[in-house]
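Notes to accompany the following structure.
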Amino acid sequence: MKISIINGSQKTGESNTGHILEKLKVLLNQTYEINIFNCGLRQLTDEMLNKIISTDVIILVFPLFVHSLPSNTLKMLIELENTIKRQQKNDLIIYTIINNGFYEGKQNNIAFDIIKNWCDHTGVMFGGGIGQGAGEMISRTKHLPKDRDLFKALNCALQIMAENINTKKPMEIQYLSPNFPKFLWRLMAVRNWNNLAKNNGLSKKDILKRL
Ligand SMILES: Cc1cc2nc3c(=O)[nH]c(=O)nc-3n(C[C@H](O)[C@H](O)[C@H](O)COP(=O)(O)O)c2cc1C
């Protein structure tokens, strides 16, 4: 089986999307041909788009931007749709993983609706996926030992995805939050924002100012 993974993160270095992608990669059957494309940093060429649609399964992984898709991912999907229609491809399935900054993974529901609509429009089967909240904690807690992993539910959902991919079977969308109390997550997030503001020459008051 051939699999295309598309990473929609715009970060040049480490990204939360990249971390999820790495977790999934090791769970996939290692005999499969897996190609990774990054649409966050530069536009995909026609050659890349053709290569993506020549595979059996597409996995799209991206961060939530303003309850929706990052503009680069949206643009890539429009180009992918044109390529699929030109080549009259009708046997593709797409699995989607979205991570967002707020605590609740449910925040990704609108972005999932957008992907579902794109599938209906393009003739690609919607394979379901995972909406993971508290995305910024993924890379920051990556060194925690396995028994203290805050993203055990994500690991289980990725395992389900990897198994469904073997038979190209759709999965339910799983909206997940970390295994960590929300009030502590909130405290840490506020401290993080205040530190970022300070490093950029702003005070706590400045970031609460209305424009
Ligand atoms: C421009 C922008 C818009 C964002 N919009 C949302 C949002 O609407 N809801 C949310 O929960 N997180 C939002 N986030 C947070 C990201 O989804 C989150 O930090 C994610 O983990 C980033 O993943 P990455 O490291 O792969 O880029 C936004 C981040 C940016 C930069």
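Just so we're on the same page: first chain in the structure tokens is A, next is B, and so on; residues restart at 1 for each chain, and ligands are numbered from 1 in the order they show up.
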Each residue of chain A lying at most 7 Å from ligand 1 should get a row with its shortest atom-to-atom pair and the distance in Å to one decimal, counting only C-alpha atoms and all ligand atoms; could you produce that, ordered by chain and increasing number, as CSV?
```
residue,atom,partner,partner_atom_place_in_ligand_line,distance
A:Ser9,CA,ligand 1,26 (O),4.6
A:Gln10,CA,ligand 1,27 (O),5.9
A:Lys11,CA,ligand 1,27 (O),5.6
A:Ser15,CA,ligand 1,25 (O),3.6
A:Asn16,CA,ligand 1,25 (O),3.8
A:Thr17,CA,ligand 1,26 (O),3.6
A:Gly18,CA,ligand 1,26 (O),6.2
A:Phe62,CA,ligand 1,26 (O),6.2
A:Pro63,CA,ligand 1,17 (O),4.4
A:Leu64,CA,ligand 1,17 (O),3.9
A:Phe65,CA,ligand 1,5 (N),3.5
A:Val66,CA,ligand 1,8 (O),3.2
A:His67,CA,ligand 1,8 (O),3.9
A:Ser68,CA,ligand 1,8 (O),6.8
A:Asn99,CA,ligand 1,21 (O),5.4
A:Asn100,CA,ligand 1,17 (O),3.5
A:Gly101,CA,ligand 1,12 (N),3.6
A:Phe102,CA,ligand 1,11 (O),3.7
A:Gln107,CA,ligand 1,11 (O),6.0
A:Gly133,CA,ligand 1,11 (O),6.9
A:Ala134,CA,ligand 1,21 (O),6.8
A:Gly135,CA,ligand 1,21 (O),3.7
A:Glu136,CA,ligand 1,21 (O),4.5
```
Contact table region 39-117 of chain A vs region 176-183 of chain A, cut-off 9 Å, shortest pair per residue, only C-alpha atoms, as CSV:
```
residue,atom,partner,partner_atom,distance
A:Tyr103,CA,A:Ser177,CA,6.0
A:Glu104,CA,A:Ser177,CA,5.2
A:Gly105,CA,A:Leu176,CA,4.7
A:Lys106,CA,A:Leu176,CA,7.2
```
Inset, instruction - Write out as JSON, numbers by chain all residues of chain A that backbone DSSP assigns to strand (DSSP E). - result: {"A": [2, 3, 4, 5, 6, 7, 33, 34, 35, 36, 37, 38, 57, 58, 59, 60, 61, 62, 63, 93, 94, 95, 96, 97, 98, 99, 125, 126, 127, 128, 129, 130, 131, 132, 174, 175, 176]}
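Contact shell of Tyr32 (chain A) at 10 Å (only C-alpha atoms; same-chain neighbours under 6 positions omitted): Met1, Lys2, Ile3 and Asn166 of chain A.
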Taking N, CA and C atoms for each residue, export the selection above as a PDB file, in the first residue's frame.
```
ATOM      1  N   MET A   1       0.835  -1.197   0.000  1.00  0.00           N
ATOM      2  CA  MET A   1       0.000   0.000   0.000  1.00  0.00           C
ATOM      3  C   MET A   1       0.879   1.258   0.000  1.00  0.00           C
ATOM      4  N   LYS A   2       0.379   2.286  -0.698  1.00  0.00           N
ATOM      5  CA  LYS A   2       1.119   3.559  -0.710  1.00  0.00           C
ATOM      6  C   LYS A   2       0.327   4.599   0.075  1.00  0.00           C
ATOM      7  N   ILE A   3       1.036   5.340   0.914  1.00  0.00           N
ATOM      8  CA  ILE A   3       0.382   6.351   1.757  1.00  0.00           C
ATOM      9  C   ILE A   3       1.067   7.708   1.575  1.00  0.00           C
ATOM     10  N   ASN A 166      -5.261  -0.023   7.220  1.00  0.00           N
ATOM     11  CA  ASN A 166      -4.933  -1.319   6.596  1.00  0.00           C
ATOM     12  C   ASN A 166      -6.033  -1.814   5.668  1.00  0.00           C
TER      13      ASN A 166
END
```
Quick one: residues within 10 Å of region 147-162 of chain A, only C-alpha atoms, excluding same-chain residues fewer than 5 positions away - as a CSV table (one decimal) with C-alpha atoms, in the first residue's frame?
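Listed below is the output, part_0.csv:
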```
chain,number,residue,atom,x,y,z
A,20,ILE,CA,1.7,13.8,15.9
A,21,LEU,CA,2.9,12.7,12.5
A,23,LYS,CA,3.8,9.1,16.4
A,24,LEU,CA,1.5,7.9,13.6
A,25,LYS,CA,4.4,7.0,11.3
A,26,VAL,CA,5.8,4.3,13.7
A,27,LEU,CA,2.3,2.7,14.1
A,28,LEU,CA,1.8,2.3,10.3
A,29,ASN,CA,2.7,-1.0,8.7
A,59,ILE,CA,-3.4,11.5,5.7
A,95,TYR,CA,-7.9,10.6,7.2
A,96,THR,CA,-7.5,13.9,9.0
A,97,ILE,CA,-5.7,14.9,12.2
A,127,GLY,CA,-12.0,8.6,6.6
A,128,GLY,CA,-12.7,10.5,9.8
A,129,GLY,CA,-9.9,11.3,12.2
A,130,ILE,CA,-8.7,13.0,15.3
A,131,GLY,CA,-9.2,16.4,16.8
A,132,GLN,CA,-6.6,17.0,19.5
A,133,GLY,CA,-6.8,19.8,22.0
A,134,ALA,CA,-4.0,21.5,24.0
A,135,GLY,CA,-1.7,21.0,21.0
A,137,MET,CA,1.6,20.7,25.2
A,138,ILE,CA,2.4,17.9,22.7
A,141,THR,CA,5.8,17.2,27.2
A,142,LYS,CA,7.4,14.8,24.7
A,167,THR,CA,-8.4,-2.0,5.2
A,168,LYS,CA,-9.2,1.6,4.0
A,169,LYS,CA,-12.1,1.7,6.5
A,170,PRO,CA,-13.3,5.1,7.9
A,171,MET,CA,-13.1,5.8,11.6
A,172,GLU,CA,-15.2,7.9,13.9
A,173,ILE,CA,-13.9,11.4,14.6
A,174,GLN,CA,-12.4,11.4,18.0
A,175,TYR,CA,-12.2,14.8,19.8
A,176,LEU,CA,-9.6,14.6,22.6
A,177,SER,CA,-8.3,16.7,25.4
A,178,PRO,CA,-5.1,15.9,27.4
A,179,ASN,CA,-5.0,13.8,30.5
A,180,PHE,CA,-4.3,16.9,32.5
```
Legend entry - Between CA of Phe112 (chain A) and CA of Thr55 (chain A) - distance in Å to one decimal: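 For CA of Thr55 (chain A) relative to CA of Phe112 (chain A), the distance reads 22.1 Å.
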Residues flagged alpha helix (DSSP H) by DSSP in region 30-154 of chain A, as a tab-separated table (two decimals) with C-alpha atoms, in the first residue's frame:
```tsv
chain	number	residue	atom	x	y	z
A	46	ASP	CA	2.17	19.44	-9.96
A	47	GLU	CA	4.54	16.49	-9.71
A	48	MET	CA	3.94	16.25	-5.93
A	49	LEU	CA	0.16	16.58	-6.33
A	50	ASN	CA	0.18	13.79	-8.93
A	51	LYS	CA	2.27	11.63	-6.62
A	52	ILE	CA	-0.19	12.21	-3.75
A	53	ILE	CA	-3.19	11.10	-5.76
A	71	SER	CA	-4.61	29.26	4.30
A	72	ASN	CA	-1.75	27.20	2.83
A	73	THR	CA	-3.62	23.94	3.60
A	74	LEU	CA	-6.82	25.32	2.07
A	75	LYS	CA	-4.93	26.36	-1.07
A	76	MET	CA	-3.31	22.92	-1.29
A	77	LEU	CA	-6.76	21.25	-1.03
A	78	ILE	CA	-8.08	23.38	-3.92
A	79	GLU	CA	-5.11	22.34	-6.07
A	80	LEU	CA	-5.46	18.71	-4.97
A	81	GLU	CA	-9.15	18.80	-5.92
A	82	ASN	CA	-8.28	20.10	-9.41
A	83	THR	CA	-5.68	17.33	-9.83
A	84	ILE	CA	-8.13	14.63	-8.66
A	85	LYS	CA	-10.82	15.85	-11.05
A	86	ARG	CA	-8.41	16.12	-13.98
A	109	ASN	CA	-15.43	20.39	14.63
A	110	ILE	CA	-15.86	23.21	12.09
A	111	ALA	CA	-12.56	22.35	10.41
A	112	PHE	CA	-13.75	18.72	10.19
A	113	ASP	CA	-16.98	19.93	8.53
A	114	ILE	CA	-14.85	21.77	5.97
A	115	ILE	CA	-12.88	18.59	5.21
A	116	LYS	CA	-16.15	16.57	4.96
A	117	ASN	CA	-17.57	19.11	2.48
A	118	TRP	CA	-14.34	19.01	0.48
A	119	CYS	CA	-14.62	15.20	0.33
A	120	ASP	CA	-18.26	15.36	-0.90
A	121	HIS	CA	-17.24	17.89	-3.52
A	122	THR	CA	-14.16	16.02	-4.67
A	136	GLU	CA	1.06	23.22	22.37
A	137	MET	CA	1.59	20.70	25.17
A	138	ILE	CA	2.45	17.90	22.74
A	139	SER	CA	6.00	18.98	21.96
A	140	ARG	CA	6.57	20.48	25.43
A	152	LYS	CA	-2.43	8.40	25.99
A	153	ALA	CA	-5.87	8.85	24.40
A	154	LEU	CA	-4.18	10.31	21.31
```
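Taking CA of Asp91 (chain A) as the reference point, CA of Arg42 (chain A) is found at 27.0 Å.
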Inset, instruction - Excluding Leu60 (chain A) and residues on its chain fewer than 5 positions from it, collect all residues at most 9 Å away from it, counting only C-alpha atoms, and give them as a VMD selection string. - result: chain A and resid 4 to 8 94 to 98
Inset, instruction - Could you please determine the separation between CA of Leu208 (chain A) and CA of Asn194 (chain A) in Å, to one decimal place? - result: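 Distance reported for this atom pair: 10.5 Å.
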Legend entry - Polymer residues at most 12 Å from Asn192 (chain A), only C-alpha atoms, same-chain spacing of 4 or more positions, as a list in words: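 Residues meeting the cut-off are Glu136, Met137, Arg140, Trp185, Arg186, Leu187, Met188, Leu196, Ala197, Lys198, Asn199 and Lys204 of chain A.
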Grab the residues selected above and save them as a PDB file, in the first residue's frame with N, CA and C atoms.
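The resulting file, again-v2.pdb, is shown below:
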```
ATOM      1  N   GLU A 136      -0.264  22.684  22.005  1.00  0.00           N
ATOM      2  CA  GLU A 136       1.062  23.222  22.372  1.00  0.00           C
ATOM      3  C   GLU A 136       1.749  22.384  23.448  1.00  0.00           C
ATOM      4  N   MET A 137       0.969  21.541  24.129  1.00  0.00           N
ATOM      5  CA  MET A 137       1.586  20.699  25.171  1.00  0.00           C
ATOM      6  C   MET A 137       2.255  19.468  24.569  1.00  0.00           C
ATOM      7  N   ARG A 140       5.959  20.104  24.139  1.00  0.00           N
ATOM      8  CA  ARG A 140       6.572  20.478  25.431  1.00  0.00           C
ATOM      9  C   ARG A 140       6.629  19.335  26.436  1.00  0.00           C
ATOM     10  N   TRP A 185      -3.718  23.625  33.149  1.00  0.00           N
ATOM     11  CA  TRP A 185      -3.379  23.954  31.755  1.00  0.00           C
ATOM     12  C   TRP A 185      -3.545  25.457  31.538  1.00  0.00           C
ATOM     13  N   ARG A 186      -4.644  26.027  32.111  1.00  0.00           N
ATOM     14  CA  ARG A 186      -4.955  27.444  31.953  1.00  0.00           C
ATOM     15  C   ARG A 186      -3.859  28.307  32.618  1.00  0.00           C
ATOM     16  N   LEU A 187      -3.464  27.893  33.839  1.00  0.00           N
ATOM     17  CA  LEU A 187      -2.412  28.630  34.552  1.00  0.00           C
ATOM     18  C   LEU A 187      -1.122  28.669  33.738  1.00  0.00           C
ATOM     19  N   MET A 188      -0.773  27.484  33.180  1.00  0.00           N
ATOM     20  CA  MET A 188       0.463  27.396  32.401  1.00  0.00           C
ATOM     21  C   MET A 188       0.375  28.222  31.123  1.00  0.00           C
ATOM     22  N   LEU A 196       5.918  35.364  26.880  1.00  0.00           N
ATOM     23  CA  LEU A 196       6.123  35.724  25.466  1.00  0.00           C
ATOM     24  C   LEU A 196       6.010  37.237  25.279  1.00  0.00           C
ATOM     25  N   ALA A 197       5.003  37.824  25.967  1.00  0.00           N
ATOM     26  CA  ALA A 197       4.789  39.271  25.869  1.00  0.00           C
ATOM     27  C   ALA A 197       6.021  40.004  26.404  1.00  0.00           C
ATOM     28  N   LYS A 198       6.519  39.549  27.570  1.00  0.00           N
ATOM     29  CA  LYS A 198       7.683  40.184  28.206  1.00  0.00           C
ATOM     30  C   LYS A 198       8.898  40.129  27.267  1.00  0.00           C
ATOM     31  N   ASN A 199       9.110  38.957  26.658  1.00  0.00           N
ATOM     32  CA  ASN A 199      10.258  38.810  25.743  1.00  0.00           C
ATOM     33  C   ASN A 199      10.143  39.722  24.525  1.00  0.00           C
ATOM     34  N   LYS A 204       1.931  42.806  30.977  1.00  0.00           N
ATOM     35  CA  LYS A 204       0.666  42.050  31.062  1.00  0.00           C
ATOM     36  C   LYS A 204      -0.494  42.943  30.626  1.00  0.00           C
TER      37      LYS A 204
END
```
